[in-house]
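Visitor: Quick one: this structure, given as structure tokens, is what I'll be asking you about.
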Amino acid sequence: MKLLNFLRGEAFQRGVHPPSHKEATADRSIRRLPFAPQLVVPLSQHIGKSPKPIVRVGQEVVRGQLIAQSDDWLSVPHHAPATGVIEAIELRPSARGPWVESIVIRVQSGSTQEDLWGKPQDLSNATPQELLQAIWDSGMVGLGGAAFPTHAKLTVPKQAHVHTLVVNGCECEPFLTCDHRVMVEEADALMAGIRYGMRATSAVRTIIGVEDNKPDAVKAIQAAIDKIGATDIFVEAVPTKYPQGSEKMLIMALFGVEIPSGGLPVSLGMVVNNVGTLAALGKLLPAGRGLTERVVTVTGPGVARPGDYRVPLGTPLKFVLEYAGAEVNSRQVIMGGPMMGQSAASLDVPITKGVSGVLVLRGEDIAEREQRVVYPCIKCGECVESCPMGLNPSILGMLASRRDYEPMGSHYHLGDCFECGCCTYVCPSNIQLAQQFRIAKQVLRERATA
Amino acid sequence: MSSTIEIRSAPHVKGSRTVEQIMRQVVYSLVPVCAFFVWQYGISALALITVVTGVCIWTERVFTGTGTQSGHIQDYSSVITGLLLALTLPPGFPLWMAAVAAFISIALGKALFGGIGFNVFNPALVGRAFAQAAFPTAIATYTPSFLSGRGSEFIPSSLALPLMQPADTAAWLHGMQIDGWTGATPLAQWKFEQTLVGAGELLTSLGGHLPIGPSPVLIVLCGLYLASRRFMDWRIPMAVFGSAAITAWALFLLDPARFPTPFFTLLSGGLALGAVYMATDMATSPVTPKGMWFYGALIGFLTVIIRNFSGLPEGVMYAILLGNAVTPLIERVTQPTPFGKGASKKARRAASYSLNPSYISRDGDVQERDKS
Ligand code: SF4
Ligand code: SF4
């Protein structure tokens with residue numbers, strides 16, 4: 001199979017095959033998480049200026065009601081995830097650590113998760129402009145993890161011409177299955193979302209890339225395509241390999257082209273969106289609603305009831321973990337997947353629009369890693385053979401350990417590193433390469449602006 | 001849920017490969033080679049391997065213990081150095097000299113540079129080069145393999161007292177009455193006497209009482225095991241063998257009377273051991289895939305040149321040390337091309353979807369888009 005893909009020139013080069021660990025959640029349907037007593041909506045959840053709250057403390061809000069908005073193009077509005085009372089607008093801990101301005105809602109007991117707000121709209125004759133506005137109003141961001149505002153992503157720059165909408169259903173991160181379940185259960189909504197996406201970008205075809213370890217998702221999507229009789233939407237199984245879900249790698253797998261370094265897919269006439277995002281759009285747009293919940297994979301060796309949960313945005317991690325039955329001795333909680341996700345700084349942080357998974361590790365799961373000795377680089381070359389961007393993490397790591405950051409950027413293409421973590425994953429010397437690169441990039445950025 | 005959770009940086013999962021594991025696998029793969037060596041030369045070879053490896057481990061321990069070098073004694077890398085050094089010495093090499101060479105290999109070859117990963121030259125070869133310079137007679141004195149009493153009787157030179165010249169093995173061997181014994185290795189025989197040992201005997205190391213090391217076939221097999229499990233990079237030995245074969249073949253075509261056949265070149269001396277186990281030493285070989293080809297090719301080429309055009313019968317050691325020395329340079333000019341920076345922006349031929357915007361196509365099946 002691998003050889004075949006190689007001969008067909010389909011897979012991107014290098015990459016790694018971490019154990020997938022998806023069995024625990026891949027076959028369970030998505031379940032709803034009840035409301036926590038209190039929900040916390042951080043105002044700034046993505047790049048761009050943070051939106052301004054338009055509610056005041058003490059005000060009653062209805063689920064789906066607009067609570068914060070912004071006119072900055074790279075920022076999106078927020079909607080109330082639950083019916084209740086605005087308890088406070090204050091600083092709350094965020095996943096990254098610093099406290100950020102957040103809207104705190106006390107949930108009215110017994111309130112329904114049915115979306116009550118929203119004005120159904122007929123978008124069948126909408127222009128791309130109107131569609132983009134409707135997407136912007138829905139507060140949608142990329143649900144794959146990057147949380148980049150969807151309306152901005154679907155906007156085609158003036159001179160560019162887009163012919164293909166690429167839909168990313170790879171979900172190459174181990175443990176995560178939320179996109180997988182969405183593809184299986186909400187393929188029809190996905191089709192609706194794809195139609196909106198195609199019209200907003202004027203694309204003439206759509207290709208959905210799904211890693212070949214999810215045959216049921218491919219089948220479900222094919223069935224949905226057949227159901228609407230679409231001849232311009234294709235689903236394609238791509239080789240399972242991390243980081244297949246990165247835009248550049250997916251485009252390589254589908255079209256056999258490399259996006260030029262520093263360029264965007266749009267330079268080749270493509271726009272890439274995540275399956276979860278489009279499926280959510282397919283449901284929200286016709287109803288004229290905003291994004292108030294998302295599917296989150298809650299899993300890990302210490303979780304008693306792992307699964308994909310439909311979680312109201314703003315639900316504190318602690319509540320999610322208690323509901324899923326996480327073990328008491330959990331030592332590390334990761335928001336996102338294990339390769340690129342972030343360690344949560346506290347259990348009080350809320351689920352935000354960009355959180356695709358919550359992974360809980362116990363003491364014994366990390367013990368082995370912790371005991372490992374860190375050696376100097378033995379130049380085994382494993383990292384060079386695994387870096388999907390074709391960099392040389394070995395020399396980058398040696399420069400970083402000497403704090404010699406300038407040549408990393410000027411000679412060894414540090415700017416092309418997207419922190420996928422493949423190099424750290426394979427390094428037998430246990431060097432935290434990706435982390436060193438994050439720091440180096442930060443230092444170089446600061447030097448550039450200073 | 002405990003209220004204290006810890007913060008770590010991504011990625012949060014890690015592959016299972018460790019430095020210890022790699023080094024251990026290399027040691028395991030060397031076990032058959034060492035066993036063969038002991039079978040060939042008996043108790044002397046066993047003592048040689050034990051002493052050299054022991055001294056290497058001890059030296060490593062002293063230097064890691066005092067904090068002079070990085071690494072840990074458990075990492076097995078000093079064991080590899082010891083085994084390889086022992087395999088490059090003649091079986092009857094005086095043990096005290098071997099111990100000195102072993103100490104030098106770790107102290108000068110490794111600790112001086114800062115320990116594992118920092119060394120510029122292959123430590124085993126540093127020790128071997130030292131022995132060559134300090135004990136030129138002893139290192140050129142070979143004894144025949146498969147002597148009848150080898151399981152119980154030491155080669156007399158092995159047990160020379162420290163700082164003493166070893167006993168002369170010639171008289172001892174004379175008593176054994178081996179036909180045609182000259183004491184020269186096949187390479188030296190070719191160089192100085194123009195006699196060629198048969199390929200079959202070289203291949204297996206089993207014929208008669210040849211003064212040669214373990215069979216190249218066995219070494220290559222052990223190397224194949226390592227390469228198949230990706231504990232060793234296959235490119236370097238391939239490049240060494242390939243370029244040695246091509247160079248030797250070209251010379252052979254030029255003057256078949258003066259130069260040996262390529263087969264002889266590939267199978268004789270330490271080429272197999274050097275190509276499979278010493279040139280591939282990770283720390284001292286390039287990390288870039290293209291660089292590995294260059295480096296291997298350079299070593300193969302230099303080996304043949306040194307063997308044929310210098311006063312020395314054997315050239316692998318110097319070829320590899322030279323290769324080690326130019327490794328940083330090779331790396332600098334063979335950095336990989338990052339994704340998206342390659343010259344060709346063209347689509348690979350066999351991709352599933354065409355890039356042509358005017359078609360909705362799949363698998364090259366051209367289906368004109370409805371233009372209305
Ligand atoms: S983290 Fe950067 S350097 Fe490491 S493998 Fe990924 S892209 Fe390459
Ligand atoms: S994987 Fe680690 S030890 Fe190996 S070359 Fe890369 S940085 Fe060095």
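In the structure tokens, each chain is lettered A, B, ... as it comes, each chain's residues begin at 1, and ligands are numbered from 1 in order of appearance.
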Neighbouring residues of ligand 1 are defined here as those with any atom at most 6 Å from a ligand atom, counting only C-alpha atoms and all ligand atoms; list them as a PDB file with N, CA and C atoms, in the first residue's frame.
Guide:
```
ATOM      1  N   CYS A 387      10.860  15.241   8.779  1.00  0.00           N
ATOM      2  CA  CYS A 387      10.298  16.598   8.679  1.00  0.00           C
ATOM      3  C   CYS A 387       9.545  16.765   7.362  1.00  0.00           C
ATOM      4  N   PRO A 388       8.228  16.973   7.443  1.00  0.00           N
ATOM      5  CA  PRO A 388       7.450  17.085   6.209  1.00  0.00           C
ATOM      6  C   PRO A 388       7.828  18.307   5.385  1.00  0.00           C
ATOM      7  N   MET A 389       8.423  19.297   6.035  1.00  0.00           N
ATOM      8  CA  MET A 389       8.797  20.492   5.305  1.00  0.00           C
ATOM      9  C   MET A 389      10.190  20.391   4.707  1.00  0.00           C
ATOM     10  N   LEU A 391      13.074  20.227   6.199  1.00  0.00           N
ATOM     11  CA  LEU A 391      14.101  21.010   6.878  1.00  0.00           C
ATOM     12  C   LEU A 391      15.147  20.068   7.483  1.00  0.00           C
ATOM     13  N   PRO A 393      16.139  19.570  11.035  1.00  0.00           N
ATOM     14  CA  PRO A 393      15.950  19.902  12.450  1.00  0.00           C
ATOM     15  C   PRO A 393      17.205  19.652  13.278  1.00  0.00           C
ATOM     16  N   CYS A 417       9.110  26.048   9.152  1.00  0.00           N
ATOM     17  CA  CYS A 417       8.699  25.068  10.151  1.00  0.00           C
ATOM     18  C   CYS A 417       7.310  25.428  10.645  1.00  0.00           C
ATOM     19  N   PHE A 418       6.379  24.485  10.612  1.00  0.00           N
ATOM     20  CA  PHE A 418       5.051  24.801  11.147  1.00  0.00           C
ATOM     21  C   PHE A 418       4.779  24.071  12.455  1.00  0.00           C
ATOM     22  N   GLU A 419       5.834  23.678  13.115  1.00  0.00           N
ATOM     23  CA  GLU A 419       5.756  23.167  14.477  1.00  0.00           C
ATOM     24  C   GLU A 419       4.910  21.906  14.582  1.00  0.00           C
ATOM     25  N   CYS A 420       5.000  21.063  13.569  1.00  0.00           N
ATOM     26  CA  CYS A 420       4.172  19.862  13.571  1.00  0.00           C
ATOM     27  C   CYS A 420       4.648  18.866  14.624  1.00  0.00           C
ATOM     28  N   GLY A 421       5.902  18.944  15.014  1.00  0.00           N
ATOM     29  CA  GLY A 421       6.378  18.065  16.077  1.00  0.00           C
ATOM     30  C   GLY A 421       6.909  16.722  15.620  1.00  0.00           C
ATOM     31  N   CYS A 422       6.945  16.454  14.318  1.00  0.00           N
ATOM     32  CA  CYS A 422       7.464  15.168  13.846  1.00  0.00           C
ATOM     33  C   CYS A 422       8.894  14.956  14.324  1.00  0.00           C
ATOM     34  N   CYS A 423       9.692  16.020  14.275  1.00  0.00           N
ATOM     35  CA  CYS A 423      11.112  15.867  14.627  1.00  0.00           C
ATOM     36  C   CYS A 423      11.253  15.488  16.095  1.00  0.00           C
ATOM     37  N   ALA A 434      10.866  20.811  18.497  1.00  0.00           N
ATOM     38  CA  ALA A 434       9.785  21.713  18.110  1.00  0.00           C
ATOM     39  C   ALA A 434       9.652  22.862  19.101  1.00  0.00           C
TER      40      ALA A 434
END
```
Visitor: Hey, what's within 9 Å of Leu273 of chain B if we count only C-alpha atoms and toss same-chain stuff fewer than 2 positions away? As a list of chain:residue names, please?
Guide: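 The filter keeps B:Leu84, B:Leu87, B:Thr88, B:Pro214, B:Pro216, B:Ile219, B:Val220, B:Gly269, B:Gly270, B:Leu271, B:Ala275, B:Val276, B:Tyr277, B:Met278, B:Ala279.
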Visitor: Using only C-alpha atoms and all ligand atoms, which of the listed residues (A:Asn273, A:Gln435, A:Gln371, A:Asn392) sits closest to ligand 2?
Guide: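 Closest to ligand 2 of all the choices is A:Asn392.
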Visitor: Quick one: contact table of chain A to ligand 2, 12 Å max, nearest atom pair and distance in Å to one decimal per residue, counting only C-alpha atoms and all ligand atoms, chain and number order, as JSON lines?
Guide:
```
{"residue": "A:Val374", "atom": "CA", "partner": "ligand 2", "partner_atom_place_in_ligand_line": "3 (S)", "distance": 9.6}
{"residue": "A:Tyr375", "atom": "CA", "partner": "ligand 2", "partner_atom_place_in_ligand_line": "3 (S)", "distance": 7.6}
{"residue": "A:Pro376", "atom": "CA", "partner": "ligand 2", "partner_atom_place_in_ligand_line": "3 (S)", "distance": 6.8}
{"residue": "A:Cys377", "atom": "CA", "partner": "ligand 2", "partner_atom_place_in_ligand_line": "8 (Fe)", "distance": 3.6}
{"residue": "A:Ile378", "atom": "CA", "partner": "ligand 2", "partner_atom_place_in_ligand_line": "3 (S)", "distance": 4.4}
{"residue": "A:Lys379", "atom": "CA", "partner": "ligand 2", "partner_atom_place_in_ligand_line": "5 (S)", "distance": 3.5}
{"residue": "A:Cys380", "atom": "CA", "partner": "ligand 2", "partner_atom_place_in_ligand_line": "4 (Fe)", "distance": 4.0}
{"residue": "A:Gly381", "atom": "CA", "partner": "ligand 2", "partner_atom_place_in_ligand_line": "5 (S)", "distance": 4.0}
{"residue": "A:Glu382", "atom": "CA", "partner": "ligand 2", "partner_atom_place_in_ligand_line": "1 (S)", "distance": 4.5}
{"residue": "A:Cys383", "atom": "CA", "partner": "ligand 2", "partner_atom_place_in_ligand_line": "1 (S)", "distance": 4.2}
{"residue": "A:Val384", "atom": "CA", "partner": "ligand 2", "partner_atom_place_in_ligand_line": "6 (Fe)", "distance": 6.4}
{"residue": "A:Glu385", "atom": "CA", "partner": "ligand 2", "partner_atom_place_in_ligand_line": "1 (S)", "distance": 8.7}
{"residue": "A:Ser386", "atom": "CA", "partner": "ligand 2", "partner_atom_place_in_ligand_line": "1 (S)", "distance": 8.7}
{"residue": "A:Cys387", "atom": "CA", "partner": "ligand 2", "partner_atom_place_in_ligand_line": "6 (Fe)", "distance": 9.8}
{"residue": "A:Leu391", "atom": "CA", "partner": "ligand 2", "partner_atom_place_in_ligand_line": "6 (Fe)", "distance": 10.7}
{"residue": "A:Asn392", "atom": "CA", "partner": "ligand 2", "partner_atom_place_in_ligand_line": "6 (Fe)", "distance": 7.9}
{"residue": "A:Pro393", "atom": "CA", "partner": "ligand 2", "partner_atom_place_in_ligand_line": "6 (Fe)", "distance": 5.9}
{"residue": "A:Ser394", "atom": "CA", "partner": "ligand 2", "partner_atom_place_in_ligand_line": "7 (S)", "distance": 4.1}
{"residue": "A:Ile395", "atom": "CA", "partner": "ligand 2", "partner_atom_place_in_ligand_line": "7 (S)", "distance": 7.5}
{"residue": "A:Leu396", "atom": "CA", "partner": "ligand 2", "partner_atom_place_in_ligand_line": "7 (S)", "distance": 8.3}
{"residue": "A:Gly397", "atom": "CA", "partner": "ligand 2", "partner_atom_place_in_ligand_line": "7 (S)", "distance": 6.2}
{"residue": "A:Met398", "atom": "CA", "partner": "ligand 2", "partner_atom_place_in_ligand_line": "7 (S)", "distance": 7.7}
{"residue": "A:Leu399", "atom": "CA", "partner": "ligand 2", "partner_atom_place_in_ligand_line": "7 (S)", "distance": 10.9}
{"residue": "A:Ala400", "atom": "CA", "partner": "ligand 2", "partner_atom_place_in_ligand_line": "7 (S)", "distance": 11.0}
{"residue": "A:Ser401", "atom": "CA", "partner": "ligand 2", "partner_atom_place_in_ligand_line": "7 (S)", "distance": 10.8}
{"residue": "A:Gly421", "atom": "CA", "partner": "ligand 2", "partner_atom_place_in_ligand_line": "1 (S)", "distance": 11.4}
{"residue": "A:Cys422", "atom": "CA", "partner": "ligand 2", "partner_atom_place_in_ligand_line": "1 (S)", "distance": 9.5}
{"residue": "A:Cys423", "atom": "CA", "partner": "ligand 2", "partner_atom_place_in_ligand_line": "1 (S)", "distance": 6.2}
{"residue": "A:Thr424", "atom": "CA", "partner": "ligand 2", "partner_atom_place_in_ligand_line": "1 (S)", "distance": 7.2}
{"residue": "A:Tyr425", "atom": "CA", "partner": "ligand 2", "partner_atom_place_in_ligand_line": "1 (S)", "distance": 8.5}
{"residue": "A:Val426", "atom": "CA", "partner": "ligand 2", "partner_atom_place_in_ligand_line": "1 (S)", "distance": 5.9}
{"residue": "A:Cys427", "atom": "CA", "partner": "ligand 2", "partner_atom_place_in_ligand_line": "1 (S)", "distance": 3.5}
{"residue": "A:Pro428", "atom": "CA", "partner": "ligand 2", "partner_atom_place_in_ligand_line": "3 (S)", "distance": 5.5}
{"residue": "A:Ser429", "atom": "CA", "partner": "ligand 2", "partner_atom_place_in_ligand_line": "3 (S)", "distance": 4.7}
{"residue": "A:Asn430", "atom": "CA", "partner": "ligand 2", "partner_atom_place_in_ligand_line": "2 (Fe)", "distance": 6.6}
{"residue": "A:Ile431", "atom": "CA", "partner": "ligand 2", "partner_atom_place_in_ligand_line": "2 (Fe)", "distance": 6.0}
{"residue": "A:Gln432", "atom": "CA", "partner": "ligand 2", "partner_atom_place_in_ligand_line": "7 (S)", "distance": 8.6}
{"residue": "A:Leu433", "atom": "CA", "partner": "ligand 2", "partner_atom_place_in_ligand_line": "7 (S)", "distance": 6.9}
{"residue": "A:Ala434", "atom": "CA", "partner": "ligand 2", "partner_atom_place_in_ligand_line": "7 (S)", "distance": 10.2}
{"residue": "A:Gln436", "atom": "CA", "partner": "ligand 2", "partner_atom_place_in_ligand_line": "7 (S)", "distance": 11.1}
{"residue": "A:Phe437", "atom": "CA", "partner": "ligand 2", "partner_atom_place_in_ligand_line": "7 (S)", "distance": 11.9}
```
Visitor: Return the single residue from B:Ala250, B:Leu89, B:Ile7, B:Leu112 that is closest to Ala140 of chain B, with distances computed using only C-alpha atoms.
Guide: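 Closest to Ala140 of chain B of all the choices is B:Leu89.
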Visitor: Skipping near chain neighbours, those fewer than 3 positions away, what residues fall within 8 Å of segment 308-325 of chain A using only C-alpha atoms, listed as a VMD selection string?
Guide: (chain A and resid 25 28 to 36 38 to 42 81 to 82 177 to 178 181 292 to 298 303 to 305 347 to 353) or (chain B and resid 1)
Visitor: Taking 4 positions as the minimum chain separation for residues in the same chain, which residues sit within 7 Å of segment 35-43 of chain B when counting only C-alpha atoms? Answer as a PyMOL selection string.
Guide: chain B and resi 31+47+91+145-146+150-154+213-214
Visitor: Could you go through segment 324-364 of chain A and tell me which residues DSSP, when run on the backbone, assigns to strand (DSSP E or B), listing them as a VMD selection string?
Guide: chain A and resid 326 330 to 335 342 to 343 350 357 to 362
Visitor: Step one, run DSSP on the backbone; step two, keep only residues of segment 10-53 of chain B assigned to helix (DSSP H, G or I); then write them as a ChimeraX atom specification.
Guide: /B:19-41,43-53
Visitor: Next, the residues of the selection above should be written as a PDB file, in the first residue's frame with C-alpha atoms.
Guide:
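As written to disk, result-v8.pdb reads:
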```pdb
ATOM      1  CA  VAL B  19      19.706   6.353  21.881  1.00  0.00           C
ATOM      2  CA  GLU B  20      20.158   3.373  24.186  1.00  0.00           C
ATOM      3  CA  GLN B  21      17.984   1.241  21.951  1.00  0.00           C
ATOM      4  CA  ILE B  22      19.901   2.147  18.795  1.00  0.00           C
ATOM      5  CA  MET B  23      23.251   1.478  20.414  1.00  0.00           C
ATOM      6  CA  ARG B  24      22.042  -1.764  21.950  1.00  0.00           C
ATOM      7  CA  GLN B  25      20.840  -2.993  18.586  1.00  0.00           C
ATOM      8  CA  VAL B  26      24.210  -2.234  17.041  1.00  0.00           C
ATOM      9  CA  VAL B  27      25.892  -4.197  19.818  1.00  0.00           C
ATOM     10  CA  TYR B  28      23.540  -7.149  19.294  1.00  0.00           C
ATOM     11  CA  SER B  29      24.221  -7.150  15.595  1.00  0.00           C
ATOM     12  CA  LEU B  30      27.949  -7.228  16.305  1.00  0.00           C
ATOM     13  CA  VAL B  31      27.654 -10.329  18.457  1.00  0.00           C
ATOM     14  CA  PRO B  32      27.729 -12.810  15.541  1.00  0.00           C
ATOM     15  CA  VAL B  33      30.691 -11.000  14.025  1.00  0.00           C
ATOM     16  CA  CYS B  34      32.608 -11.186  17.297  1.00  0.00           C
ATOM     17  CA  ALA B  35      31.656 -14.822  17.749  1.00  0.00           C
ATOM     18  CA  PHE B  36      33.017 -15.581  14.302  1.00  0.00           C
ATOM     19  CA  PHE B  37      36.246 -13.774  15.191  1.00  0.00           C
ATOM     20  CA  VAL B  38      36.592 -15.849  18.322  1.00  0.00           C
ATOM     21  CA  TRP B  39      35.859 -19.022  16.377  1.00  0.00           C
ATOM     22  CA  GLN B  40      38.625 -18.091  13.937  1.00  0.00           C
ATOM     23  CA  TYR B  41      41.281 -17.186  16.436  1.00  0.00           C
ATOM     24  CA  ILE B  43      41.014 -17.613  23.147  1.00  0.00           C
ATOM     25  CA  SER B  44      43.338 -14.792  22.084  1.00  0.00           C
ATOM     26  CA  ALA B  45      40.574 -13.099  20.157  1.00  0.00           C
ATOM     27  CA  LEU B  46      38.205 -13.526  23.076  1.00  0.00           C
ATOM     28  CA  ALA B  47      40.714 -11.960  25.427  1.00  0.00           C
ATOM     29  CA  LEU B  48      41.344  -9.130  22.992  1.00  0.00           C
ATOM     30  CA  ILE B  49      37.647  -8.297  22.660  1.00  0.00           C
ATOM     31  CA  THR B  50      37.098  -8.498  26.396  1.00  0.00           C
ATOM     32  CA  VAL B  51      40.058  -6.332  27.320  1.00  0.00           C
ATOM     33  CA  VAL B  52      39.437  -3.655  24.699  1.00  0.00           C
ATOM     34  CA  THR B  53      35.722  -3.389  25.418  1.00  0.00           C
TER      35      THR B  53
END
```
Visitor: Under the rule that only C-alpha atoms are counted, which of B:Ala272, B:Met282, B:Ala244, B:Met317 is the nearest residue to chain A?
Guide: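 Ranked by minimum distance to chain A, first place goes to B:Met282.
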Visitor: Under the rule that only C-alpha atoms are counted, which of A:Met183, A:Leu74, A:Ala367, A:Val57 is the nearest residue to chain B?
Guide: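 The answer is A:Ala367, which sits nearest to chain B.
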Visitor: For a test of reading the model, state the distance in Å between atom CA of Thr261 of chain B and atom CA of Ala129 of chain B, rounded to one decimal.
Guide: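 Atom-to-atom, atom CA of Thr261 of chain B to atom CA of Ala129 of chain B, that is 27.2 Å.
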Visitor: Near Gly315 of chain B, within 7 Å and counting only C-alpha atoms, which residues show up once chain neighbours fewer than 6 positions away are dropped, as a list in words?
Guide: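 Here the qualifying residues turn out to be Thr303, Ile306 and Arg307 of chain B.
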Visitor: State, in Å with one decimal place, the distance from atom CA of Phe255 of chain A to atom CA of Gly342 of chain B.
Guide: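 Atom-to-atom, atom CA of Phe255 of chain A and atom CA of Gly342 of chain B are spaced 16.2 Å apart.
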Visitor: Leaving out Gln13 of chain A and any residue of its chain fewer than 2 positions from it, which residues lie within 12 Å of it when counting only C-alpha atoms, given as a VMD selection string?
Guide: (chain A and resid 2 5 to 6 9 to 11 15 to 16 239 241 to 244 248 to 250 252 to 253 256 to 258 384 to 391) or (chain B and resid 338 to 339)
Visitor: Keeping only N, CA, C and O atoms, write those residues as a compact mmCIF listing (two decimals), in the first residue's frame.
Guide:
```txt
# COMPACT_ATOMS: atom_id res chain seq x y z
N LYS A 2 1.86 1.23 0.88
CA LYS A 2 2.74 2.38 0.97
C LYS A 2 3.49 2.56 -0.35
O LYS A 2 3.57 3.66 -0.89
N ASN A 5 1.25 3.93 -3.04
CA ASN A 5 1.06 5.37 -2.93
C ASN A 5 2.29 6.12 -3.41
O ASN A 5 2.19 7.16 -4.05
N PHE A 6 3.44 5.54 -3.08
CA PHE A 6 4.67 6.19 -3.49
C PHE A 6 4.76 6.23 -5.00
O PHE A 6 5.05 7.24 -5.61
N GLY A 9 2.76 8.65 -6.58
CA GLY A 9 3.21 10.01 -6.31
C GLY A 9 2.22 10.76 -5.44
O GLY A 9 2.10 11.97 -5.51
N GLU A 10 1.48 10.03 -4.62
CA GLU A 10 0.38 10.68 -3.92
C GLU A 10 0.75 11.27 -2.59
O GLU A 10 0.37 12.38 -2.27
N ALA A 11 1.48 10.50 -1.79
CA ALA A 11 1.72 10.96 -0.43
C ALA A 11 2.78 12.06 -0.45
O ALA A 11 3.59 12.13 -1.34
N GLY A 15 7.29 12.57 7.16
CA GLY A 15 6.15 12.43 8.07
C GLY A 15 6.35 11.25 8.99
O GLY A 15 7.33 10.52 8.88
N VAL A 16 5.43 11.05 9.92
CA VAL A 16 5.56 9.97 10.89
C VAL A 16 4.24 9.20 11.03
O VAL A 16 3.20 9.65 10.56
N PRO A 239 -3.46 8.71 2.00
CA PRO A 239 -2.73 7.84 2.92
C PRO A 239 -2.74 8.39 4.34
O PRO A 239 -2.70 9.59 4.56
N LYS A 241 -1.11 9.33 7.44
CA LYS A 241 0.25 9.67 7.84
C LYS A 241 0.21 11.05 8.46
O LYS A 241 -0.47 11.94 7.96
N TYR A 242 0.88 11.20 9.57
CA TYR A 242 0.93 12.52 10.19
C TYR A 242 2.03 13.34 9.51
O TYR A 242 3.11 12.80 9.27
N PRO A 243 1.87 14.61 9.22
CA PRO A 243 0.70 15.49 9.34
C PRO A 243 -0.06 15.65 8.03
O PRO A 243 -0.01 16.69 7.41
N GLN A 244 -0.77 14.63 7.62
CA GLN A 244 -1.55 14.70 6.39
C GLN A 244 -2.57 15.83 6.43
O GLN A 244 -2.98 16.36 5.41
N LYS A 248 -0.78 22.03 3.26
CA LYS A 248 0.21 21.80 2.20
C LYS A 248 0.36 20.32 1.89
O LYS A 248 0.50 19.93 0.74
N MET A 249 0.32 19.50 2.95
CA MET A 249 0.50 18.07 2.73
C MET A 249 -0.72 17.47 2.03
O MET A 249 -0.60 16.59 1.20
N LEU A 250 -1.90 17.97 2.40
CA LEU A 250 -3.11 17.45 1.77
C LEU A 250 -3.12 17.80 0.29
O LEU A 250 -3.44 16.96 -0.57
N MET A 252 -0.58 18.34 -1.54
CA MET A 252 0.43 17.48 -2.16
C MET A 252 -0.16 16.11 -2.46
O MET A 252 0.03 15.55 -3.53
N ALA A 253 -0.90 15.57 -1.49
CA ALA A 253 -1.45 14.23 -1.67
C ALA A 253 -2.48 14.19 -2.79
O ALA A 253 -2.59 13.23 -3.52
N GLY A 256 -0.40 16.56 -6.08
CA GLY A 256 1.01 16.37 -6.39
C GLY A 256 1.77 17.66 -6.62
O GLY A 256 2.75 17.68 -7.34
N VAL A 257 1.33 18.75 -6.02
CA VAL A 257 2.09 20.00 -6.15
C VAL A 257 2.48 20.52 -4.78
O VAL A 257 1.79 20.30 -3.79
N GLU A 258 3.58 21.21 -4.77
CA GLU A 258 4.02 21.86 -3.55
C GLU A 258 3.57 23.31 -3.60
O GLU A 258 3.82 24.00 -4.58
N VAL A 384 15.60 14.52 10.09
CA VAL A 384 15.66 14.97 8.70
C VAL A 384 14.74 14.10 7.85
O VAL A 384 14.08 14.58 6.93
N GLU A 385 14.68 12.81 8.20
CA GLU A 385 13.85 11.89 7.42
C GLU A 385 12.38 12.02 7.76
O GLU A 385 11.55 11.36 7.14
N SER A 386 12.04 12.77 8.78
CA SER A 386 10.63 12.84 9.15
C SER A 386 10.05 14.22 8.95
O SER A 386 8.83 14.38 8.96
N CYS A 387 10.86 15.24 8.78
CA CYS A 387 10.30 16.60 8.68
C CYS A 387 9.54 16.76 7.36
O CYS A 387 10.14 16.70 6.30
N PRO A 388 8.23 16.97 7.44
CA PRO A 388 7.45 17.08 6.21
C PRO A 388 7.83 18.31 5.39
O PRO A 388 7.59 18.34 4.19
N MET A 389 8.42 19.30 6.03
CA MET A 389 8.80 20.49 5.31
C MET A 389 10.19 20.39 4.71
O MET A 389 10.68 21.34 4.12
N GLY A 390 10.83 19.25 4.87
CA GLY A 390 12.15 19.09 4.28
C GLY A 390 13.22 19.96 4.92
O GLY A 390 14.14 20.40 4.25
N LEU A 391 13.07 20.23 6.20
CA LEU A 391 14.10 21.01 6.88
C LEU A 391 15.15 20.07 7.48
O LEU A 391 15.03 18.86 7.39
N PRO B 338 13.84 22.65 1.24
CA PRO B 338 12.55 22.65 1.94
C PRO B 338 11.38 22.52 0.98
O PRO B 338 11.48 22.85 -0.19
N PHE B 339 10.30 22.02 1.53
CA PHE B 339 9.03 21.89 0.81
C PHE B 339 8.66 23.24 0.22
O PHE B 339 8.70 24.25 0.91
```
Visitor: Extract, using only C-alpha atoms, all DNA, RNA and protein residues at most 10 Å from segment 85-88 of chain A, discarding same-chain residues fewer than 6 positions from it, and format them as a list in words.
Guide: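 Using only C-alpha atoms, the neighbours found are Gln38, Leu39, Val40, Val55, Arg56, Val57, Gly58, Gln59, Glu60, Val61, Val62, Ile67, Ser102, Ile103, Val104, Ile105, Arg106, Val107 and Gln108 of chain A.
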